[in-house]
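**Student:** Input: one structure, supplied below.
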Amino acid sequence: MILNNKNEFEQIISNNELVVIDFFATWCGPCKMLSPVIENVESLIHDVKFIKVDIDQFNDLASQYKIQSVPTLVFLKNGQEVMKSIGYLDEDALIEKIKSL
């Protein structure tokens, strides 16, 4: 899901055990390549909540999570950051990262 407001973000991270945040930009080519990968993984793994955060719209969240390049995936477990992945990932690599948590 694409984030619409910061309150929604806080609610999602507090109500879900495992959350993957996709920090992206609309002008970013690798971000566009990663989007269908995330959609496929989201359809396969139902106990993980995926959020897409546009860094140009929510630069405060990008700063909070120290995002310096996109795409960056931030993995939260019980609201705490446990892993960060910078750059494009294929489907298998993303699934492996999720399973390692």
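Just remember, in the structure tokens the first chain shown is A, the second B, etc., residues are 1-based per chain, and ligands are 1-based in the order shown.
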Excluding stretch 22-34 of chain A and residues on its chain fewer than 2 positions from it, collect all residues at most 7 Å away from it, counting only C-alpha atoms, and give them as a PyMOL selection string.

**Tutor:** chain A and resi 20+36-38+51-56+70-74+88-89

**Student:** I'd like the contact shell of stretch 41-47 of chain A - 8 Å cut-off, only C-alpha atoms, skipping same-chain residues fewer than 3 positions apart - returned as a PDB file with C-alpha atoms, in the first residue's frame.

**Tutor:**
```pdb
ATOM      1  CA  LEU A  18       6.583  -7.458  10.681  1.00  0.00           C
ATOM      2  CA  VAL A  37       8.808  -7.664  -7.037  1.00  0.00           C
ATOM      3  CA  ILE A  38       7.289  -6.321  -3.824  1.00  0.00           C
ATOM      4  CA  PHE A  50       4.321  -3.736   3.052  1.00  0.00           C
ATOM      5  CA  GLU A  91      12.004 -11.847  -5.514  1.00  0.00           C
ATOM      6  CA  LEU A  94      13.559 -10.396  -0.733  1.00  0.00           C
ATOM      7  CA  ILE A  95      11.865 -13.597   0.432  1.00  0.00           C
TER       8      ILE A  95
END
```

**Student:** Check stretch 8-67 of chain A with DSSP on the backbone and list each residue it calls helix (DSSP H, G or I), as a ChimeraX atom specification.

**Tutor:** /A:8-15,29-44,59-64

**Student:** Could you turn the residues from that selection into a file that holds C-alpha atoms, as an mmCIF file, in the first residue's frame?

**Tutor:**
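Generated output (out09.cif):
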```
data_model
loop_
_atom_site.group_PDB
_atom_site.id
_atom_site.type_symbol
_atom_site.label_atom_id
_atom_site.label_comp_id
_atom_site.auth_asym_id
_atom_site.auth_seq_id
_atom_site.Cartn_x
_atom_site.Cartn_y
_atom_site.Cartn_z
ATOM 1 C CA GLU A 8 -1.591 5.905 8.920
ATOM 2 C CA PHE A 9 2.118 5.014 9.071
ATOM 3 C CA GLU A 10 2.197 5.058 12.880
ATOM 4 C CA GLN A 11 -0.928 2.910 13.053
ATOM 5 C CA ILE A 12 0.481 0.316 10.639
ATOM 6 C CA ILE A 13 3.841 -0.076 12.367
ATOM 7 C CA SER A 14 2.219 -0.373 15.795
ATOM 8 C CA ASN A 15 -0.399 -2.923 14.702
ATOM 9 C CA GLY A 29 14.277 3.691 -12.252
ATOM 10 C CA PRO A 30 15.363 0.897 -9.857
ATOM 11 C CA CYS A 31 12.378 1.775 -7.636
ATOM 12 C CA LYS A 32 10.053 1.131 -10.567
ATOM 13 C CA MET A 33 11.770 -2.231 -11.150
ATOM 14 C CA LEU A 34 11.395 -3.188 -7.472
ATOM 15 C CA SER A 35 7.689 -2.365 -7.269
ATOM 16 C CA PRO A 36 6.389 -5.510 -9.062
ATOM 17 C CA VAL A 37 8.808 -7.664 -7.037
ATOM 18 C CA ILE A 38 7.289 -6.321 -3.824
ATOM 19 C CA GLU A 39 3.758 -6.845 -5.157
ATOM 20 C CA ASN A 40 4.565 -10.491 -5.982
ATOM 21 C CA VAL A 41 6.137 -11.153 -2.583
ATOM 22 C CA GLU A 42 3.216 -9.424 -0.865
ATOM 23 C CA SER A 43 0.831 -11.843 -2.588
ATOM 24 C CA LEU A 44 2.928 -14.821 -1.408
ATOM 25 C CA ASN A 59 10.952 13.485 3.656
ATOM 26 C CA ASP A 60 10.567 13.565 7.459
ATOM 27 C CA LEU A 61 10.145 9.770 7.502
ATOM 28 C CA ALA A 62 13.072 9.400 5.103
ATOM 29 C CA SER A 63 15.190 11.458 7.511
ATOM 30 C CA GLN A 64 13.931 9.536 10.529
#
```

**Student:** Would you mind reading off the distance between atom CA of A:Gly79 and atom CA of A:Tyr65, one decimal, in Å?

**Tutor:**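 Atom CA of A:Gly79 sits 12.3 Å away from atom CA of A:Tyr65.
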
**Student:** Return the single residue from A:Ile98, A:Met1, A:Leu76, A:Lys6 that is closest to A:Phe58, with distances computed using only C-alpha atoms.

**Tutor:**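 Closest to A:Phe58, using only C-alpha atoms: A:Lys6.
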
**Student:** Given only C-alpha atoms as the basis, pick out the residue of A:Ile67, A:Leu3, A:Val19, A:Val48 nearest to A:Ile86.

**Tutor:**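 The answer is A:Ile67, which sits nearest to A:Ile86.
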
**Student:** Pick from A:Asn5, A:Lys49, A:Asp92, A:Lys84: nearest to A:Lys66, with only C-alpha atoms counted?

**Tutor:** A:Lys84

**Student:** Could you tell me how far atom CA of A:Asn16 lies from atom CA of A:Phe75, in Å and to one decimal?

**Tutor:**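 It comes out at 11.7 Å.
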
**Student:** Have a look at atom CA of A:Ser100 and atom CA of A:Ile21 and let me know their distance in Å, one decimal.

**Tutor:**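 Spanning atom CA of A:Ser100 to atom CA of A:Ile21 is a straight-line distance of 16.4 Å.
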
**Student:** Tell me, which residues of chain A carry DSSP strand (DSSP E or B), written as a ChimeraX atom specification?

**Tutor:** /A:2,18-24,49-54,72-77,80-86
